Structure formats: C-alpha cells, structure tokens
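Visitor: protein-v2.pdb is reproduced in full below (PDB, C-alpha atoms).
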ATOM      1  CA  MET R   1      -3.529 165.202  37.458
ATOM      2  CA  ASN R   2      -2.595 162.793  34.675
ATOM      3  CA  PHE R   3       1.026 163.571  33.785
ATOM      4  CA  SER R   4       1.173 161.038  30.940
ATOM      5  CA  LYS R   5       0.333 163.725  28.372
ATOM      6  CA  LEU R   6       3.200 165.953  29.497
ATOM      7  CA  ASN R   7       5.925 164.390  27.404
ATOM      8  CA  GLY R   8       7.533 164.685  24.009
ATOM      9  CA  LEU R   9       7.712 167.597  21.597
ATOM     10  CA  TYR R  10       6.384 170.893  22.994
ATOM     11  CA  ILE R  11       6.011 173.605  20.356
ATOM     12  CA  ILE R  12       5.610 177.296  21.154
ATOM     13  CA  THR R  13       4.180 179.871  18.765
ATOM     14  CA  ASP R  14       5.913 183.151  18.033
ATOM     15  CA  ASP R  15       4.534 186.575  17.098
ATOM     16  CA  THR R  16       6.781 186.807  14.027
ATOM     17  CA  LEU R  17       7.310 183.186  12.965
ATOM     18  CA  THR R  18       3.662 182.083  13.307
ATOM     19  CA  PRO R  19       1.646 185.101  12.092
ATOM     20  CA  PRO R  20      -2.155 185.175  12.484
ATOM     21  CA  HIS R  21      -2.923 184.222   8.871
ATOM     22  CA  THR R  22      -0.843 180.997   8.950
ATOM     23  CA  ILE R  23      -0.653 179.968  12.629
ATOM     24  CA  ILE R  24      -3.387 177.301  12.491
ATOM     25  CA  GLU R  25      -1.935 175.686   9.359
ATOM     26  CA  GLN R  26       1.600 175.761  10.837
ATOM     27  CA  VAL R  27       0.532 174.263  14.167
ATOM     28  CA  GLU R  28      -1.432 171.515  12.430
ATOM     29  CA  LYS R  29       1.672 170.535  10.451
ATOM     30  CA  ALA R  30       3.644 170.264  13.699
ATOM     31  CA  LEU R  31       0.858 168.163  15.233
ATOM     32  CA  LEU R  32       0.889 165.887  12.185
ATOM     33  CA  GLY R  33       4.611 165.525  12.799
ATOM     34  CA  GLY R  34       3.986 164.330  16.351
ATOM     35  CA  ALA R  35       3.989 167.418  18.593
ATOM     36  CA  LYS R  36       2.247 166.625  21.905
ATOM     37  CA  ILE R  37       1.951 170.067  23.531
ATOM     38  CA  VAL R  38       1.207 173.414  21.840
ATOM     39  CA  GLN R  39       1.690 176.736  23.602
ATOM     40  CA  LEU R  40       0.195 179.955  22.288
ATOM     41  CA  ARG R  41       2.672 182.685  23.186
ATOM     42  CA  ASP R  42       1.202 185.929  21.887
ATOM     43  CA  LYS R  43       2.627 189.185  23.243
ATOM     44  CA  GLN R  44       1.041 191.511  20.686
ATOM     45  CA  SER R  45      -2.596 190.694  19.962
ATOM     46  CA  SER R  46      -5.641 192.022  21.799
ATOM     47  CA  ASP R  47      -7.291 189.796  24.407
ATOM     48  CA  GLU R  48     -10.203 189.318  22.009
ATOM     49  CA  ALA R  49      -7.898 188.095  19.232
ATOM     50  CA  ILE R  50      -6.060 185.805  21.673
ATOM     51  CA  ARG R  51      -9.393 184.421  22.935
ATOM     52  CA  LYS R  52     -10.416 183.475  19.384
ATOM     53  CA  LYS R  53      -7.003 181.974  18.569
ATOM     54  CA  ALA R  54      -6.851 180.053  21.854
ATOM     55  CA  LEU R  55     -10.219 178.393  21.250
ATOM     56  CA  GLU R  56      -9.247 177.471  17.680
ATOM     57  CA  LEU R  57      -5.960 175.976  18.834
ATOM     58  CA  GLN R  58      -7.559 174.136  21.735
ATOM     59  CA  ASN R  59     -10.031 172.505  19.330
ATOM     60  CA  LEU R  60      -7.195 171.624  16.955
ATOM     61  CA  CYS R  61      -5.150 170.075  19.771
ATOM     62  CA  GLU R  62      -8.131 168.001  20.916
ATOM     63  CA  LYS R  63      -8.385 166.591  17.379
ATOM     64  CA  TYR R  64      -4.786 165.342  17.684
ATOM     65  CA  ASN R  65      -5.005 164.312  21.354
ATOM     66  CA  ALA R  66      -2.466 167.007  22.248
ATOM     67  CA  VAL R  67      -2.401 169.483  25.148
ATOM     68  CA  PHE R  68      -3.047 173.162  24.438
ATOM     69  CA  VAL R  69      -1.333 175.703  26.708
ATOM     70  CA  LEU R  70      -1.890 179.465  26.851
ATOM     71  CA  ASN R  71       1.045 181.631  27.893
ATOM     72  CA  ASP R  72       0.553 184.255  30.621
ATOM     73  CA  LYS R  73      -3.111 185.175  30.057
ATOM     74  CA  VAL R  74      -4.333 183.820  33.393
ATOM     75  CA  GLU R  75      -7.853 185.228  33.363
ATOM     76  CA  LEU R  76      -8.519 184.054  29.810
ATOM     77  CA  ALA R  77      -7.268 180.550  30.574
ATOM     78  CA  ILE R  78      -9.598 180.318  33.573
ATOM     79  CA  GLU R  79     -12.576 181.839  31.756
ATOM     80  CA  LEU R  80     -12.215 179.582  28.703
ATOM     81  CA  ASN R  81     -11.442 176.474  30.795
ATOM     82  CA  LEU R  82      -8.383 175.783  28.666
ATOM     83  CA  SER R  83      -6.395 172.576  28.996
ATOM     84  CA  GLY R  84      -3.164 174.334  29.978
ATOM     85  CA  LEU R  85      -1.610 177.576  31.245
ATOM     86  CA  HIS R  86       2.052 178.572  31.469
ATOM     87  CA  ILE R  87       3.216 181.471  33.626
ATOM     88  CA  GLY R  88       6.456 183.357  34.176
ATOM     89  CA  LYS R  89       7.888 185.782  36.695
ATOM     90  CA  SER R  90       5.102 188.360  36.502
ATOM     91  CA  ASP R  91       2.563 185.912  37.982
ATOM     92  CA  TYR R  92       4.680 184.013  40.535
ATOM     93  CA  HIS R  93       3.053 185.883  43.417
ATOM     94  CA  ARG R  94      -0.376 184.611  42.310
ATOM     95  CA  ILE R  95       0.466 180.928  42.034
ATOM     96  CA  GLU R  96      -1.739 179.722  44.894
ATOM     97  CA  GLU R  97      -4.708 181.767  43.689
ATOM     98  CA  ILE R  98      -4.212 180.510  40.120
ATOM     99  CA  ARG R  99      -3.986 176.892  41.258
ATOM    100  CA  LYS R 100      -7.277 177.236  43.144
ATOM    101  CA  ASN R 101      -9.062 178.659  40.115
ATOM    102  CA  PHE R 102      -7.472 176.834  37.201
ATOM    103  CA  SER R 103      -8.074 173.112  36.816
ATOM    104  CA  GLY R 104      -5.954 172.439  33.714
ATOM    105  CA  TYR R 105      -2.234 171.737  33.411
ATOM    106  CA  LEU R 106      -0.235 174.519  35.052
ATOM    107  CA  GLY R 107       3.383 175.100  34.062
ATOM    108  CA  VAL R 108       5.962 177.546  35.394
ATOM    109  CA  SER R 109       9.267 178.897  34.060
ATOM    110  CA  CYS R 110      12.031 178.223  36.587
ATOM    111  CA  TYR R 111      15.049 179.250  34.455
ATOM    112  CA  GLY R 112      17.892 177.519  36.367
ATOM    113  CA  ASP R 113      16.478 177.604  39.890
ATOM    114  CA  MET R 114      15.946 174.139  41.412
ATOM    115  CA  SER R 115      14.847 175.393  44.840
ATOM    116  CA  PHE R 116      12.166 177.513  43.171
ATOM    117  CA  ALA R 117      11.061 174.496  41.108
ATOM    118  CA  LYS R 118      10.643 172.486  44.326
ATOM    119  CA  GLU R 119       8.598 175.293  45.847
ATOM    120  CA  MET R 120       6.371 175.391  42.759
ATOM    121  CA  GLN R 121       5.906 171.624  42.956
ATOM    122  CA  GLU R 122       4.742 171.994  46.561
ATOM    123  CA  LEU R 123       2.233 174.618  45.456
ATOM    124  CA  GLY R 124       0.697 172.247  42.931
ATOM    125  CA  VAL R 125       2.079 173.104  39.508
ATOM    126  CA  ASP R 126       2.020 170.259  36.989
ATOM    127  CA  TYR R 127       5.333 170.844  35.240
ATOM    128  CA  VAL R 128       8.355 173.147  35.355
ATOM    129  CA  ALA R 129      10.453 174.518  32.497
ATOM    130  CA  PHE R 130      14.190 175.148  32.715
ATOM    131  CA  GLY R 131      16.293 177.238  30.294
ATOM    132  CA  SER R 132      17.599 178.857  28.206
ATOM    133  CA  PHE R 133      20.249 176.208  27.674
ATOM    134  CA  PHE R 134      21.653 177.855  24.562
ATOM    135  CA  THR R 135      21.461 181.339  23.120
ATOM    136  CA  SER R 136      17.866 181.610  21.956
ATOM    137  CA  PRO R 137      16.854 183.569  18.838
ATOM    138  CA  THR R 138      13.485 184.390  20.418
ATOM    139  CA  LYS R 139      14.975 185.431  23.788
ATOM    140  CA  PRO R 140      18.504 186.686  23.009
ATOM    141  CA  ASN R 141      18.990 188.237  26.460
ATOM    142  CA  SER R 142      18.162 185.108  28.458
ATOM    143  CA  ASN R 143      20.797 183.766  30.845
ATOM    144  CA  VAL R 144      22.249 180.447  29.703
ATOM    145  CA  VAL R 145      21.619 177.597  32.162
ATOM    146  CA  ASP R 146      23.742 174.445  32.606
ATOM    147  CA  LEU R 147      22.112 171.299  31.184
ATOM    148  CA  GLU R 148      22.974 169.505  34.446
ATOM    149  CA  VAL R 149      19.938 171.165  36.025
ATOM    150  CA  LEU R 150      17.798 168.769  33.957
ATOM    151  CA  THR R 151      19.550 165.732  35.409
ATOM    152  CA  LYS R 152      19.150 167.144  38.916
ATOM    153  CA  ALA R 153      15.478 167.938  38.326
ATOM    154  CA  HIS R 154      14.858 164.453  36.935
ATOM    155  CA  LYS R 155      16.162 162.988  40.211
ATOM    156  CA  GLU R 156      14.694 165.453  42.706
ATOM    157  CA  LEU R 157      11.273 166.401  41.318
ATOM    158  CA  ASP R 158       8.130 164.294  41.000
ATOM    159  CA  ILE R 159       6.583 166.381  38.211
ATOM    160  CA  PRO R 160       7.522 166.538  34.499
ATOM    161  CA  VAL R 161      10.391 168.753  33.382
ATOM    162  CA  CYS R 162      10.598 170.766  30.164
ATOM    163  CA  ALA R 163      13.812 171.936  28.476
ATOM    164  CA  ILE R 164      13.552 175.234  26.595
ATOM    165  CA  GLY R 165      15.751 177.851  25.005
ATOM    166  CA  GLY R 166      17.847 177.578  21.865
ATOM    167  CA  LEU R 167      17.190 173.867  21.266
ATOM    168  CA  ASN R 168      17.875 172.850  17.663
ATOM    169  CA  ARG R 169      18.977 169.969  15.429
ATOM    170  CA  ASP R 170      22.630 170.405  16.377
ATOM    171  CA  ASN R 171      22.224 170.246  20.160
ATOM    172  CA  ILE R 172      19.126 168.119  20.720
ATOM    173  CA  ALA R 173      21.176 164.937  21.261
ATOM    174  CA  ASP R 174      23.117 166.672  24.066
ATOM    175  CA  VAL R 175      19.873 167.842  25.651
ATOM    176  CA  MET R 176      18.303 164.394  25.496
ATOM    177  CA  GLN R 177      21.214 162.871  27.421
ATOM    178  CA  HIS R 178      19.744 164.677  30.442
ATOM    179  CA  LYS R 179      16.300 163.047  29.999
ATOM    180  CA  PRO R 180      13.847 165.969  29.991
ATOM    181  CA  ASP R 181      10.193 164.917  29.809
ATOM    182  CA  MET R 182       9.456 167.630  27.241
ATOM    183  CA  ILE R 183      11.586 169.447  24.673
ATOM    184  CA  ALA R 184      10.328 172.914  23.711
ATOM    185  CA  LEU R 185      11.019 174.256  20.231
ATOM    186  CA  ILE R 186      10.301 177.574  18.589
ATOM    187  CA  SER R 187      12.669 178.847  15.871
ATOM    188  CA  ASP R 188      13.978 175.537  14.550
ATOM    189  CA  ILE R 189      10.438 174.274  13.971
ATOM    190  CA  TRP R 190       8.859 177.362  12.432
ATOM    191  CA  LYS R 191      11.813 178.353  10.245
ATOM    192  CA  SER R 192      11.832 174.946   8.599
ATOM    193  CA  GLU R 193      10.625 174.609   5.018
ATOM    194  CA  ASN R 194       8.840 171.414   6.045
ATOM    195  CA  ILE R 195       7.365 171.801   9.535
ATOM    196  CA  GLN R 196       5.912 168.292   9.656
ATOM    197  CA  ASN R 197       9.227 166.648   8.790
ATOM    198  CA  ARG R 198      11.120 168.835  11.248
ATOM    199  CA  ALA R 199       8.680 167.923  14.019
ATOM    200  CA  GLN R 200       9.102 164.235  13.142
ATOM    201  CA  PHE R 201      12.881 164.645  13.424
ATOM    202  CA  PHE R 202      12.625 165.999  16.972
ATOM    203  CA  VAL R 203      10.091 163.351  17.968
ATOM    204  CA  SER R 204      12.424 160.607  16.719
ATOM    205  CA  GLN R 205      15.379 162.159  18.588
ATOM    206  CA  TYR R 206      13.260 162.291  21.738
ATOM    207  CA  GLU R 207      12.028 158.715  21.441
ATOM    208  CA  GLU R 208      15.452 157.254  20.597
ATOM    209  CA  GLN R 209      17.081 158.735  23.685
ATOM    210  CA  ARG R 210      14.330 158.447  26.277
TER     211      ARG R 210
END
Go ahead and render the structure in this file as structure tokens.
Guide:
Amino acid sequence: MNFSKLNGLYIITDDTLTPPHTIIEQVEKALLGGAKIVQLRDKQSSDEAIRKKALELQNLCEKYNAVFVLNDKVELAIELNLSGLHIGKSDYHRIEEIRKNFSGYLGVSCYGDMSFAKEMQELGVDYVAFGSFFTSPTKPNSNVVDLEVLTKAHKELDIPVCAIGGLNRDNIADVMQHKPDMIALISDIWKSENIQNRAQFFVSQYEEQR
C-alpha cells in the first residue's frame, strides 16, 4: 500500500455541520484549501442515501487527488470499491475478514491504546487514529488522551498516525510538536465562515511543523 497519500489535513463530515444539501459544496471548499483525506461520517442517513453520497464524494476526491474514506459502513465500502474505510470498536472483531475483502486504505480508531495499535498494524491496517486529545464538540463524552501517545506511535509504528478529537486553531501547534502524519478536523473547519481559508490555515500549520 502506498502510504504517501496518508498525510496532511484529514476532514470528517458531521450530521449537523455538513447537512445533505450543502455537504458537497462544503467538502469541495475544504479540498480547495488543501485537505488530503475526506471521511464521510454519517450516523443518520439510510444506506441508500449514504451510497449515493459516498460515490459523489469519492468522485470529488479523485478530482482533487485526495483520499475518500467511509466511516463504519463496511459492506458498502467493499461493494462500492471505495478508496478508504475507517472502523471503530463495533467492527474490531472483524478486522481480518475486512482486510481480506477490502483493498483500499483501512484505518482504525485506537483512542490511546498503543498495544492495540501495534496489533492492528500486524493485521494489516494502513493507518491508526489516536484521540480525543481535547474535549471534542462532536464527541463530548470521549476520554482525553495524552499527546505523548503520538510521539510514541511515531517511534514505534511503521504505519501513518492520525490525531483526532478537539483539534482547533488554538491547540494545533501543540499537536504538531508530536509529528502526527494526519490531523483530523471536524468542528473548527465546518463552523468557519470561510472553509477554504480555514483549511489553508491548518495545512500551513501542518507543513510548517512537519
């Protein structure tokens, strides 16, 4: 697997902040601002609606040479031959089966657990995500993880590492000191009055400190 695309600004959609009637326009603005990975995280729509949205977003990402990732919907990702899939706790037990059947980029949420991240690496995932590092507006009940896990992961893992959870303009410099390969943003991108400019800000912060 070519890991070179798994770096930079990773944006994640939100049921409230990127509603169906504006999601494509919002994501395109973030891509124009330099986002490299786009995850569709849709917990509300029907599978049919997610299928349609996923194909639209995959096509849009291809136009900008970005990676499209679908959250959780394993069967859809396999069926549609999407470029990426991200899974959480509910699908951990299926990881080997998923890896056999899904040929795109496979990412896993590891929260703050390095030993689990190493196990996932052994099983063939392409990247791991750690967090939340700060209180997150989209996941207010998440446990807060020490940023040092990013430094440890950078040294001990051979696959790319993503930082997620409460990242914003005020703390991004602290996060980047720990050299994550990807920085995942939700609220601070979508709540901006100028999504393209906000994306450019995070890209410049990433590039300055990598």
Visitor: If we count all atoms listed in the file and set the cut-off at 6 Å, which residues sit around region 174-190 of chain R, ignoring sequence neighbours fewer than 3 positions away in its own chain? Please answer as a list in words.
Guide: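 Neighbouring residues, sequence-local ones excluded: Asn7, Gly8, Leu9, Tyr10, Ile11, Ile12, Leu150, Thr151, Pro160, Val161, Cys162, Ala163, Ile164, Asn168, Asn171 and Ile195 of chain R.
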Visitor: Could you name the residues that touch Lys73 (chain R) at 10 Å or less, counting only C-alpha atoms, but leaving out those on the same chain fewer than 3 positions away, as a list in words?
Guide: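 Answer for this query is Leu40, Arg41, Asp42, Lys43, Asp47, Ile50, Arg51, Leu70, Leu76, Ala77, Ile78, Leu85, His86, Ile87 and Asp91 of chain R.
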Visitor: To one decimal place, how far is CA of Glu148 (chain R) from CA of Lys36 (chain R) in Å?
Guide: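 Going from CA of Glu148 (chain R) over to CA of Lys36 (chain R) covers 24.4 Å.
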Visitor: Have a look at R:Ser90, R:Ile24, R:Thr135, R:Gly104 and name the one nearest to Asn59 (chain R); count all atoms listed in the file.
Guide: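 The shortest atom-to-atom distance to Asn59 (chain R) comes from R:Ile24.
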Visitor: Rank nothing, just name the residue among R:Tyr92, R:Tyr64, R:Tyr111, R:Tyr206 nearest to Ser132 (chain R), using only C-alpha atoms.
Guide: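 Of the candidates, the smallest distance to Ser132 (chain R) is held by R:Tyr111.
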Visitor: From the set R:Gly124, R:Gly33, R:Gly88, R:Pro140, which residue has the shortest atom-to-atom contact distance to Ser103 (chain R), counting only C-alpha atoms?
Guide: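 Under the stated criterion, the closest residue is R:Gly124.
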Visitor: What residues come out when you apply the PyMOL selection byres ((chain R and resi 29) around 9) to this file, written as a PDB file with C-alpha atoms, in the coordinates of the input?
Guide:
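Generated output (expr.pdb):
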ATOM      1  CA  ILE R  24      -3.387 177.301  12.491  1.00  0.00           C
ATOM      2  CA  GLU R  25      -1.935 175.686   9.359  1.00  0.00           C
ATOM      3  CA  GLN R  26       1.600 175.761  10.837  1.00  0.00           C
ATOM      4  CA  VAL R  27       0.532 174.263  14.167  1.00  0.00           C
ATOM      5  CA  GLU R  28      -1.432 171.515  12.430  1.00  0.00           C
ATOM      6  CA  ALA R  30       3.644 170.264  13.699  1.00  0.00           C
ATOM      7  CA  LEU R  31       0.858 168.163  15.233  1.00  0.00           C
ATOM      8  CA  LEU R  32       0.889 165.887  12.185  1.00  0.00           C
ATOM      9  CA  GLY R  33       4.611 165.525  12.799  1.00  0.00           C
ATOM     10  CA  GLY R  34       3.986 164.330  16.351  1.00  0.00           C
ATOM     11  CA  ASN R 194       8.840 171.414   6.045  1.00  0.00           C
ATOM     12  CA  ILE R 195       7.365 171.801   9.535  1.00  0.00           C
ATOM     13  CA  GLN R 196       5.912 168.292   9.656  1.00  0.00           C
ATOM     14  CA  ASN R 197       9.227 166.648   8.790  1.00  0.00           C
ATOM     15  CA  ALA R 199       8.680 167.923  14.019  1.00  0.00           C
TER      16      ALA R 199
END
Visitor: Within 10 Å of Ala66 (chain R), counting all atoms listed in the file, which residues show up once you throw out same-chain ones fewer than 3 positions away? Write them as a list in words, please.
Guide: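 The contact residues come out as Lys5, Leu6, Tyr10, Leu31, Gly34, Ala35, Lys36, Ile37, Val38, Gln58, Asn59, Leu60, Cys61, Glu62, Lys63, Val69 and Ser83 of chain R.
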Visitor: Taking all atoms listed in the file into account, which of R:Val128, R:Ser192, R:Glu207, R:Arg94 comes nearest Val108 (chain R)?
Guide: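 Among the listed residues, R:Val128 lies closest to Val108 (chain R).
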Visitor: Using the chain letters and numbers from the file, give me the residues hit by the PyMOL selection byres ((chain R and resi 96) around 12), as number ranges by chain.
Guide: R: 91-95, 97-102, 106, 119-125
Visitor: Between CA of Val145 (chain R) and CA of Val203 (chain R), what distance in Å does the model show, to one decimal?
Guide: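 Rounded to one decimal, the two atoms are 23.2 Å apart.
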Visitor: For Asn143 (chain R), find every residue with an atom within 12 Å (counting all atoms listed in the file), except residues of its own chain fewer than 3 positions away, and show them as a VMD selection string.
Guide: chain R and resid 110 to 113 130 to 136 139 to 140 146 164 to 166
Visitor: Kindly indicate which residue among R:Thr18, R:Ala173, R:Asn2, R:Asn71 lies nearest to Lys191 (chain R), using all atoms listed in the file for the distances.
Guide: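 Ranking R:Thr18, R:Ala173, R:Asn2, R:Asn71 by distance to Lys191 (chain R), first place goes to R:Thr18.
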Visitor: To one decimal place in Å, what is the distance between CA of Val67 (chain R) and CA of Arg210 (chain R)?
Guide: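 A separation of 20.1 Å between them.
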Visitor: Of the residues R:Glu208, R:Asp15, R:Asp72, R:Asp170, which is the one nearest to Ser45 (chain R), using only C-alpha atoms?
Guide: R:Asp15
Visitor: Running the PyMOL selection byres ((chain R and resi 157) around 10) on this model by hand, what would come out? Give it as a PyMOL selection string.
Guide: chain R and resi 114+117-118+121+127-128+152-156+158-161
